[in-house]
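Here's model.cif, which has mmCIF, C-alpha atoms:
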data_coords
#
loop_
_atom_site.label_atom_id
_atom_site.label_comp_id
_atom_site.auth_asym_id
_atom_site.auth_seq_id
_atom_site.Cartn_x
_atom_site.Cartn_y
_atom_site.Cartn_z
CA MET E 53 103.24 90.80 97.24
CA PHE E 54 103.64 91.72 100.89
CA GLU E 55 100.60 93.27 102.57
CA TYR E 56 100.24 95.40 105.68
CA LYS E 57 97.12 95.44 107.82
CA THR E 58 95.90 96.09 111.35
CA ALA E 59 93.18 94.58 113.53
CA PRO E 60 91.80 95.00 117.08
CA PHE E 61 93.47 92.91 119.79
CA GLY E 62 91.48 93.57 122.96
CA GLN E 63 92.56 96.97 124.29
CA PHE E 64 95.44 96.90 121.80
CA GLU E 65 95.82 96.81 118.03
CA TYR E 66 98.04 94.32 116.28
CA HIS E 67 99.82 95.00 113.00
CA ILE E 68 100.70 92.41 110.37
CA LEU E 69 103.27 92.20 107.58
CA GLU E 70 102.34 89.22 105.40
CA HIS E 71 103.15 87.44 102.16
CA LYS E 72 100.50 84.72 101.95
CA GLN E 73 101.95 82.85 99.00
CA GLY E 74 105.44 82.86 100.48
CA GLY E 75 104.26 81.84 103.94
CA GLN E 76 105.80 84.86 105.68
CA ARG E 77 103.95 86.69 108.45
CA LEU E 78 104.97 89.03 111.28
CA THR E 79 102.43 90.05 113.92
CA PHE E 80 103.32 92.76 116.44
CA VAL E 81 101.79 95.36 118.78
CA PRO E 82 103.37 98.82 118.46
CA SER E 83 101.50 100.24 121.46
CA TYR E 84 102.91 97.59 123.80
CA GLY E 85 106.66 97.90 123.35
CA GLY E 86 106.52 96.85 119.70
CA CYS E 87 106.07 93.32 121.05
CA ILE E 88 106.14 90.56 118.42
CA LEU E 89 103.29 88.09 118.87
CA ASP E 90 104.18 85.71 116.06
CA ILE E 91 106.83 85.08 113.41
CA GLN E 92 105.89 82.83 110.53
CA ILE E 93 108.53 81.86 107.96
CA ASP E 94 108.13 79.20 105.27
CA HIS E 95 104.50 78.69 106.39
CA THR E 96 105.66 77.79 109.93
CA SER E 97 105.30 79.66 113.24
CA ILE E 98 108.68 79.67 114.97
CA ILE E 99 108.15 81.45 118.31
CA ASP E 100 106.17 80.91 121.46
CA GLY E 101 104.37 84.25 121.77
CA TYR E 102 101.30 85.72 123.41
CA THR E 103 98.02 84.57 121.88
CA THR E 104 95.57 86.80 123.76
CA PRO E 105 95.54 90.45 124.89
CA VAL E 106 95.25 89.27 128.49
CA GLU E 107 98.50 87.31 128.14
CA LEU E 108 100.20 90.30 126.57
CA ASN E 109 99.06 92.63 129.34
CA ILE E 110 100.33 90.26 132.02
CA ASN E 111 103.62 89.93 130.08
CA ARG E 112 104.68 86.75 131.87
CA TRP E 113 108.21 85.66 130.85
CA GLY E 114 108.61 88.86 128.78
CA LYS E 115 107.96 87.01 125.52
CA SER E 116 109.59 88.82 122.57
CA GLY E 117 109.91 92.03 124.56
CA LEU E 118 112.41 94.74 123.60
CA LEU E 119 114.75 95.36 126.54
CA PHE E 120 116.01 98.87 127.23
CA PRO E 121 117.77 100.95 128.51
CA PHE E 122 119.42 97.78 129.82
CA PRO E 123 118.82 94.06 129.29
CA ASN E 124 118.98 91.41 131.99
CA ARG E 125 119.67 92.22 135.66
CA LEU E 126 120.93 95.27 137.54
CA LYS E 127 122.40 94.53 140.97
CA ASP E 128 120.11 95.85 143.74
CA GLY E 129 118.50 98.00 141.03
CA GLN E 130 121.27 100.57 141.58
CA TYR E 131 124.01 102.20 139.55
CA LYS E 132 126.24 105.25 139.74
CA TRP E 133 126.64 107.65 136.84
CA ASN E 134 128.68 110.85 136.84
CA GLY E 135 128.96 110.75 140.61
CA LYS E 136 125.25 110.26 141.32
CA THR E 137 123.46 107.11 142.49
CA TYR E 138 120.23 106.05 140.76
CA GLN E 139 117.68 103.46 141.88
CA PHE E 140 115.43 101.33 139.65
CA PRO E 141 112.50 99.46 141.22
CA ILE E 142 113.29 95.87 142.24
CA ASN E 143 111.05 93.85 139.93
CA GLU E 144 112.66 90.42 140.42
CA THR E 145 112.34 89.72 144.11
CA THR E 146 113.99 86.28 144.00
CA THR E 147 117.33 87.88 143.10
CA GLY E 148 116.73 91.36 144.51
CA THR E 149 117.48 92.93 141.15
CA ALA E 150 115.96 95.23 138.54
CA LEU E 151 115.24 93.22 135.41
CA HIS E 152 115.17 94.28 131.74
CA GLY E 153 114.85 98.06 132.11
CA PHE E 154 111.51 99.77 131.57
CA GLY E 155 110.76 99.49 127.85
CA MET E 156 108.71 96.33 127.35
CA ASP E 157 105.31 98.03 127.63
CA LYS E 158 106.11 101.46 126.22
CA PRO E 159 104.11 102.80 123.23
CA PHE E 160 105.85 102.97 119.87
CA THR E 161 104.59 105.06 116.95
CA VAL E 162 104.55 103.71 113.41
CA LEU E 163 106.78 106.05 111.38
CA SER E 164 106.56 104.38 107.98
CA VAL E 165 105.55 101.21 106.15
CA HIS E 166 106.95 99.93 102.85
CA THR E 167 105.72 96.81 101.10
CA GLU E 168 107.16 95.31 97.93
CA GLU E 169 106.91 92.04 96.05
CA ASP E 170 109.62 90.25 98.04
CA GLN E 171 110.27 92.48 101.07
CA SER E 172 108.46 94.64 103.62
CA ARG E 173 109.60 97.07 106.29
CA VAL E 174 107.90 98.93 109.11
CA ALA E 175 109.69 101.57 111.21
CA LEU E 176 108.62 102.21 114.81
CA GLN E 177 109.79 104.92 117.20
CA TYR E 178 109.63 105.50 120.93
CA SER E 179 110.64 108.87 122.35
CA TYR E 180 111.64 108.99 126.01
CA ASP E 181 111.69 112.35 127.78
CA GLY E 182 113.86 111.43 130.77
CA LYS E 183 111.02 111.70 133.28
CA LEU E 184 112.00 108.73 135.48
CA GLU E 185 114.28 109.51 138.42
CA ALA E 186 116.00 106.18 137.90
CA TYR E 187 117.01 107.15 134.35
CA PRO E 188 116.80 110.91 133.64
CA PHE E 189 118.39 110.65 130.19
CA PRO E 190 116.19 111.40 127.14
CA PHE E 191 116.58 109.33 123.99
CA ASN E 192 114.77 108.26 120.83
CA LEU E 193 114.68 104.61 119.84
CA GLN E 194 113.81 103.44 116.32
CA ILE E 195 113.05 99.80 115.56
CA ASP E 196 112.76 98.53 111.98
CA TYR E 197 111.09 95.18 111.34
CA ILE E 198 112.13 93.88 107.92
CA LEU E 199 110.49 90.72 106.60
CA SER E 200 111.63 89.26 103.29
CA LEU E 201 111.15 86.08 101.29
CA LYS E 202 114.90 85.59 100.95
CA ASP E 203 116.25 86.51 104.38
CA GLY E 204 113.40 85.96 106.85
CA LEU E 205 113.14 88.51 109.66
CA ARG E 206 115.71 91.23 110.27
CA VAL E 207 115.35 93.69 113.15
CA GLU E 208 117.41 96.88 113.24
CA TYR E 209 117.64 99.29 116.16
CA ARG E 210 118.95 102.85 116.36
CA CYS E 211 119.11 104.81 119.61
CA TRP E 212 120.22 108.42 119.75
CA ASN E 213 120.81 110.64 122.73
CA THR E 214 118.41 113.60 122.61
CA GLY E 215 119.54 115.07 125.93
CA VAL E 216 122.42 117.25 127.08
CA GLU E 217 124.29 114.64 129.16
CA THR E 218 126.19 111.48 128.34
CA LEU E 219 123.94 108.49 128.92
CA PRO E 220 124.52 104.77 129.64
CA TRP E 221 122.74 102.41 127.26
CA GLY E 222 122.08 98.73 126.71
CA PHE E 223 119.61 96.89 124.51
CA GLY E 224 118.25 93.39 124.04
CA TRP E 225 115.40 91.23 122.77
CA HIS E 226 113.59 88.35 124.52
CA PRO E 227 112.18 85.83 121.98
CA TYR E 228 111.31 82.19 122.69
CA PHE E 229 112.03 80.06 119.63
CA SER E 230 110.08 76.84 119.11
CA VAL E 231 111.04 74.28 116.47
CA SER E 232 109.77 71.14 118.26
CA LYS E 233 106.98 70.21 120.66
CA THR E 234 109.63 70.09 123.39
CA ILE E 235 113.19 71.36 123.42
CA GLU E 236 114.44 67.95 124.58
CA THR E 237 114.38 66.85 120.92
CA SER E 238 115.74 70.10 119.49
CA ARG E 239 119.38 70.30 118.38
CA LEU E 240 121.47 73.36 119.25
CA THR E 241 124.69 74.67 117.71
CA THR E 242 126.61 77.69 119.00
CA PRO E 243 129.86 79.35 117.97
CA PRO E 244 132.69 79.48 120.54
CA ILE E 245 131.30 81.18 123.64
CA MET E 246 132.30 81.95 127.23
CA MET E 247 129.81 81.46 130.05
CA VAL E 248 129.56 84.45 132.38
CA GLY E 249 130.07 83.35 135.98
CA VAL E 250 127.36 84.63 138.32
CA ASN E 251 126.61 84.59 142.05
CA GLU E 252 123.43 83.48 143.82
CA HIS E 253 121.71 86.71 142.70
CA MET E 254 122.55 86.04 139.01
CA ILE E 255 125.05 88.92 139.00
CA PRO E 256 128.46 88.44 137.31
CA THR E 257 131.40 87.54 139.50
CA GLY E 258 133.94 88.81 136.98
CA LYS E 259 134.88 85.31 135.83
CA LYS E 260 134.11 83.60 132.50
CA TYR E 261 134.33 79.94 131.61
CA VAL E 262 134.76 78.12 128.32
CA PHE E 263 131.43 76.59 127.28
CA SER E 264 131.77 74.10 124.47
CA GLU E 265 128.77 71.84 125.07
CA PHE E 266 127.02 72.91 121.88
CA THR E 267 129.88 74.03 119.61
CA THR E 268 129.26 70.68 117.94
CA THR E 269 125.57 70.15 117.18
CA LYS E 270 123.91 68.36 120.07
CA THR E 271 120.39 67.52 121.23
CA ILE E 272 119.40 69.80 124.13
CA GLY E 273 117.82 66.92 126.06
CA PRO E 274 117.50 67.64 129.83
CA THR E 275 119.99 70.55 129.76
CA ILE E 276 118.82 73.53 131.82
CA LEU E 277 120.06 76.95 130.75
CA ASP E 278 119.63 80.41 132.23
CA ASN E 279 123.04 81.83 131.46
CA CYS E 280 124.66 84.81 129.81
CA PHE E 281 127.39 84.08 127.27
CA ALA E 282 130.03 86.24 125.61
CA PHE E 283 131.01 85.48 122.04
CA THR E 284 134.71 84.89 121.49
CA GLU E 285 135.27 84.81 117.72
CA ALA E 286 138.00 87.34 117.00
CA ASP E 287 137.43 90.22 114.60
CA SER E 288 133.77 89.34 114.09
CA ASN E 289 130.64 91.35 114.87
CA LEU E 290 128.24 88.75 113.43
CA PHE E 291 127.34 85.67 115.46
CA LYS E 292 125.00 82.80 114.56
CA ILE E 293 123.20 80.12 116.53
CA SER E 294 121.35 77.17 114.96
CA LEU E 295 118.30 75.41 116.37
CA THR E 296 116.84 72.40 114.54
CA GLY E 297 113.77 70.33 115.32
CA GLU E 298 110.79 68.54 113.84
CA LYS E 299 109.44 71.81 112.36
CA GLY E 300 112.69 72.54 110.51
CA ALA E 301 116.01 74.38 110.77
CA LEU E 302 116.32 77.85 112.33
CA THR E 303 119.33 80.11 112.03
CA TYR E 304 119.43 83.00 114.49
CA TRP E 305 122.00 85.81 114.18
CA GLN E 306 123.01 89.05 115.90
CA GLU E 307 125.27 91.88 114.77
CA ASN E 308 127.18 94.36 116.97
CA MET E 309 125.69 92.63 120.02
CA PRO E 310 128.47 90.59 121.68
CA PHE E 311 126.42 88.92 124.45
CA VAL E 312 123.53 86.46 124.46
CA GLN E 313 121.37 84.91 127.17
CA LEU E 314 120.17 81.32 126.63
CA PHE E 315 117.18 80.27 128.71
CA THR E 316 115.16 77.06 128.86
CA PRO E 317 111.76 77.98 130.36
CA PRO E 318 110.11 75.54 132.79
CA ASP E 319 107.52 74.36 130.26
CA ARG E 320 110.40 73.12 128.01
CA LYS E 321 108.52 74.13 124.84
CA SER E 322 111.03 76.67 123.51
CA LEU E 323 114.50 78.11 123.84
CA ALA E 324 114.96 81.79 124.56
CA ILE E 325 117.88 83.22 122.57
CA GLU E 326 118.28 86.77 123.83
CA PRO E 327 120.71 89.14 122.08
CA MET E 328 122.30 91.75 124.33
CA THR E 329 124.63 94.63 123.61
CA CYS E 330 126.19 94.30 127.06
CA ASN E 331 126.79 91.95 129.95
CA VAL E 332 124.49 91.43 132.93
CA ASP E 333 124.75 94.40 135.35
CA ALA E 334 126.60 96.45 132.75
CA PHE E 335 125.53 99.75 134.34
CA ASN E 336 127.88 98.76 137.17
CA ASN E 337 130.59 96.56 135.64
CA MET E 338 130.67 98.58 132.36
CA GLU E 339 131.23 95.41 130.30
CA GLY E 340 129.86 96.12 126.84
CA LEU E 341 128.08 99.23 128.10
CA ILE E 342 127.36 101.79 125.38
CA THR E 343 127.86 105.42 126.34
CA LEU E 344 126.23 108.02 124.12
CA GLU E 345 127.24 111.65 124.05
CA PRO E 346 124.50 114.15 123.16
CA GLY E 347 123.52 113.53 119.54
CA ASP E 348 125.40 110.22 119.30
CA VAL E 349 123.75 107.12 117.83
CA ALA E 350 124.05 103.43 118.75
CA LYS E 351 122.87 100.79 116.30
CA GLY E 352 122.76 97.04 115.80
CA ALA E 353 120.70 94.26 114.28
CA PHE E 354 119.51 90.70 114.83
CA GLY E 355 117.28 88.31 112.97
CA VAL E 356 116.21 84.82 112.09
CA GLN E 357 115.95 82.60 109.04
CA PHE E 358 114.05 79.33 108.88
CA LYS E 359 113.53 76.41 106.52
CA SER E 360 110.85 73.84 107.15
#
Represent the structure contained in this file as structure tokens.
Amino acid sequence: MFEYKTAPFGQFEYHILEHKQGGQRLTFVPSYGGCILDIQIDHTSIIDGYTTPVELNINRWGKSGLLFPFPNRLKDGQYKWNGKTYQFPINETTTGTALHGFGMDKPFTVLSVHTEEDQSRVALQYSYDGKLEAYPFPFNLQIDYILSLKDGLRVEYRCWNTGVETLPWGFGWHPYFSVSKTIETSRLTTPPIMMVGVNEHMIPTGKKYVFSEFTTTKTIGPTILDNCFAFTEADSNLFKISLTGEKGALTYWQENMPFVQLFTPPDRKSLAIEPMTCNVDAFNNMEGLITLEPGDVAKGAFGVQFKS
């Protein structure tokens, strides 16, 4: 039977969905962006997450953060919408860009919890009132974490426009998956993908390039990745990536999210597989950008399965 419990975590409180016999456990912090601290499937922890409240509060590398109202980078932190220019703070000085929106530390409220013998679900919600000058567009965002013995972790998101204007929207997640002590020995498999060409500021140039290095399973080895990719499979909204190592075999998937960022962090202990609804700088290039009329809803899902 799945259980749900909470416990103090420094200035925060972490929440746990757990099936002890089945070896399934999800640990997350609703009050800090719904951030996932740990995912355990088949008795094995599969992400590199924050282990202390100090680490979480610093939020270095944005581990398992939810990214909204845009993922990835925004050129010069600026965009134009309905004839008006808006400015986000520049929070990545090396590229002079705004990075990952403003949602990673925002407080979510627990709406509901359901636990059953073989499945559990918790629904979280964040309500934004449009108070920031950089993004004066109110919305509600619901995140459902669903942990099951059969299917591992599934995450569903729903965003609806609660304002009176059309709003631009993008969403992503920032997990670091770890299936080996180092990623050099991990094996990666991707579906057909196109690498997004970028300039020295990591902003798209408008070009895309065929990237077939891992369409056949291959050891990551010394490969360095910090690239956005667009999926190319026709007539498909479901995309899967496999990562295998000494811990076992991981299958990651995303639905209605046609872009992904792959990133090998400097410590080489994990691989970030970051689902995105849109391209880098989508508020400007409009590629994959979701526009929501008042009352409209955007939704999608992503998740992970694992076998040790």
Atom-to-atom span, atom CA of Lys183 of chain E and atom CA of Glu326 of chain E, Å: 27.6 Å
Hits from the PyMOL selection byres ((chain E and resi 104) around 12), listed as a list of chain:residue names: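 That expression, the PyMOL selection byres ((chain E and resi 104) around 12), corresponds here to E:Pro60, E:Phe61, E:Gly62, E:Gln63, E:Phe64, E:Glu65, E:Tyr66, E:Val81, E:Leu89, E:Asp90, E:Gly101, E:Tyr102, E:Thr103, E:Pro105, E:Val106, E:Glu107, E:Leu108, E:Asn109, E:Ile110, E:Asn111.
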Residues matched by the PyMOL selection byres ((chain E and resi 121) around 8) as a count of residues only: 12
Residue list as an MDAnalysis selection string for point (105.9, 90.4, 118.5), cut-off 9 Å, all atoms listed in the file: chainID E and resid 78:82 85:91 101:102 115:117 227
Residue by residue, what does the PyMOL selection byres ((chain E and resi 327-334) around 6) grab here? Present the result as an mmCIF file with C-alpha atoms, keeping the file's coordinate frame.
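Printed below is result.cif as written:
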data_model
loop_
_atom_site.group_PDB
_atom_site.id
_atom_site.type_symbol
_atom_site.label_atom_id
_atom_site.label_comp_id
_atom_site.auth_asym_id
_atom_site.auth_seq_id
_atom_site.Cartn_x
_atom_site.Cartn_y
_atom_site.Cartn_z
ATOM 1 C CA ASN E 124 118.980 91.410 131.990
ATOM 2 C CA ARG E 125 119.670 92.220 135.660
ATOM 3 C CA LEU E 126 120.930 95.270 137.540
ATOM 4 C CA GLY E 222 122.080 98.730 126.710
ATOM 5 C CA PHE E 223 119.610 96.890 124.510
ATOM 6 C CA GLY E 224 118.250 93.390 124.040
ATOM 7 C CA TRP E 225 115.400 91.230 122.770
ATOM 8 C CA MET E 309 125.690 92.630 120.020
ATOM 9 C CA PRO E 310 128.470 90.590 121.680
ATOM 10 C CA PHE E 311 126.420 88.920 124.450
ATOM 11 C CA VAL E 312 123.530 86.460 124.460
ATOM 12 C CA GLU E 326 118.280 86.770 123.830
ATOM 13 C CA PHE E 335 125.530 99.750 134.340
ATOM 14 C CA ASN E 336 127.880 98.760 137.170
ATOM 15 C CA ASN E 337 130.590 96.560 135.640
ATOM 16 C CA MET E 338 130.670 98.580 132.360
ATOM 17 C CA GLU E 339 131.230 95.410 130.300
ATOM 18 C CA GLY E 340 129.860 96.120 126.840
ATOM 19 C CA LEU E 341 128.080 99.230 128.100
#
Point-to-point distance from atom CA of Phe354 of chain E to atom CA of Pro244 of chain E, Å rounded to tenths: 18.2 Å
What lies within 10 Å of Ser164 of chain E using all atoms listed in the file, ignoring chain neighbours under 5 positions off, as an mmCIF file with C-alpha atoms, in the frame of the given file?
data_model
loop_
_atom_site.group_PDB
_atom_site.id
_atom_site.type_symbol
_atom_site.label_atom_id
_atom_site.label_comp_id
_atom_site.auth_asym_id
_atom_site.auth_seq_id
_atom_site.Cartn_x
_atom_site.Cartn_y
_atom_site.Cartn_z
ATOM 1 C CA ARG E 173 109.600 97.070 106.290
ATOM 2 C CA VAL E 174 107.900 98.930 109.110
ATOM 3 C CA ALA E 175 109.690 101.570 111.210
ATOM 4 C CA LEU E 176 108.620 102.210 114.810
ATOM 5 C CA GLN E 177 109.790 104.920 117.200
ATOM 6 C CA ASP E 196 112.760 98.530 111.980
#
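The gap separating atom CA of Leu302 of chain E from atom CA of Lys351 of chain E is 24.2 Å, in Å to one decimal.
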Residue list as a PyMOL selection string for point (136.7, 80.2, 131.7), cut-off 9 Å, all atoms listed in the file: chain E and resi 246-249+259-263
Nearby residues (only C-alpha atoms) at most 6 Å from Leu205 of chain E, same-chain spacing under 6 positions excluded, as a ChimeraX atom specification: /E:198-199,355-356
Counting all atoms listed in the file, the option among E:Val207, E:Ala282, E:Ala186, E:Ala324 closest to Leu240 of chain E: E:Ala324
Best match for closeness to Leu344 of chain E among E:Gly114, E:Gly204, E:Gly215, E:Gly75, counting all atoms listed in the file: E:Gly215
